[in-house]
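Notes follow the structure.
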Amino acid sequence: MAVKDRDRFSTTTRIRALGEQTAARVYRSQTKRQARRSRLTGRAALLVMVICSLVVVLAYPIRQYVAQRAEIADLQREKQQARQRVEDLRDLKARWQDDAYAEQQIRLRLHYVMPGETGFVVIDPGTAKQSRAGLGAAGRPWYRTVWDGVDKADAATSHHQ
């Protein structure tokens, strides 16, 4: 028995026992970590799958929502522009109902003069140098363009006869 007791307290026996205890602790901690890792990995995979599924399921409705919001904003902008256009046209209609405005526009656009007045056409020296063809229909009154069209039509029918 004395040999057994002495063997129990020997340095080699104590170091071996400490080594076995340490190995057991390391083994237990490794198995716990592995178990924790495998559980965490499974949970993480499940979480990723759920998030991906939500993204896939919600992607189309969110895209539709954003597109509809943009369309609503465009329609509201068009509505505001239409209201402004209606308001402008009402103002123009009210102006045309005023005899003084109508007379002013008739004089300006049709080059009318009142009885007893003398009409003048002032030619700018810079524009007088331009050829008549270069001036085009935009620089002439509308009735000149109509009359030139009638002259051309008359000239075309007289050549065929």
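Following the order of the structure tokens, chains are lettered A, B, ..., residues in each are numbered from 1, and ligands are numbered from 1.
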Expected answer as a PyMOL selection string: alpha helix (DSSP H) residues in range 19-153 of chain A: chain A and resi 19-96+99-110+125-128+132-135+142-153
Distance in Å - CA of Lys152 in chain A versus CA of Pro125 in chain A: 28.8 Å
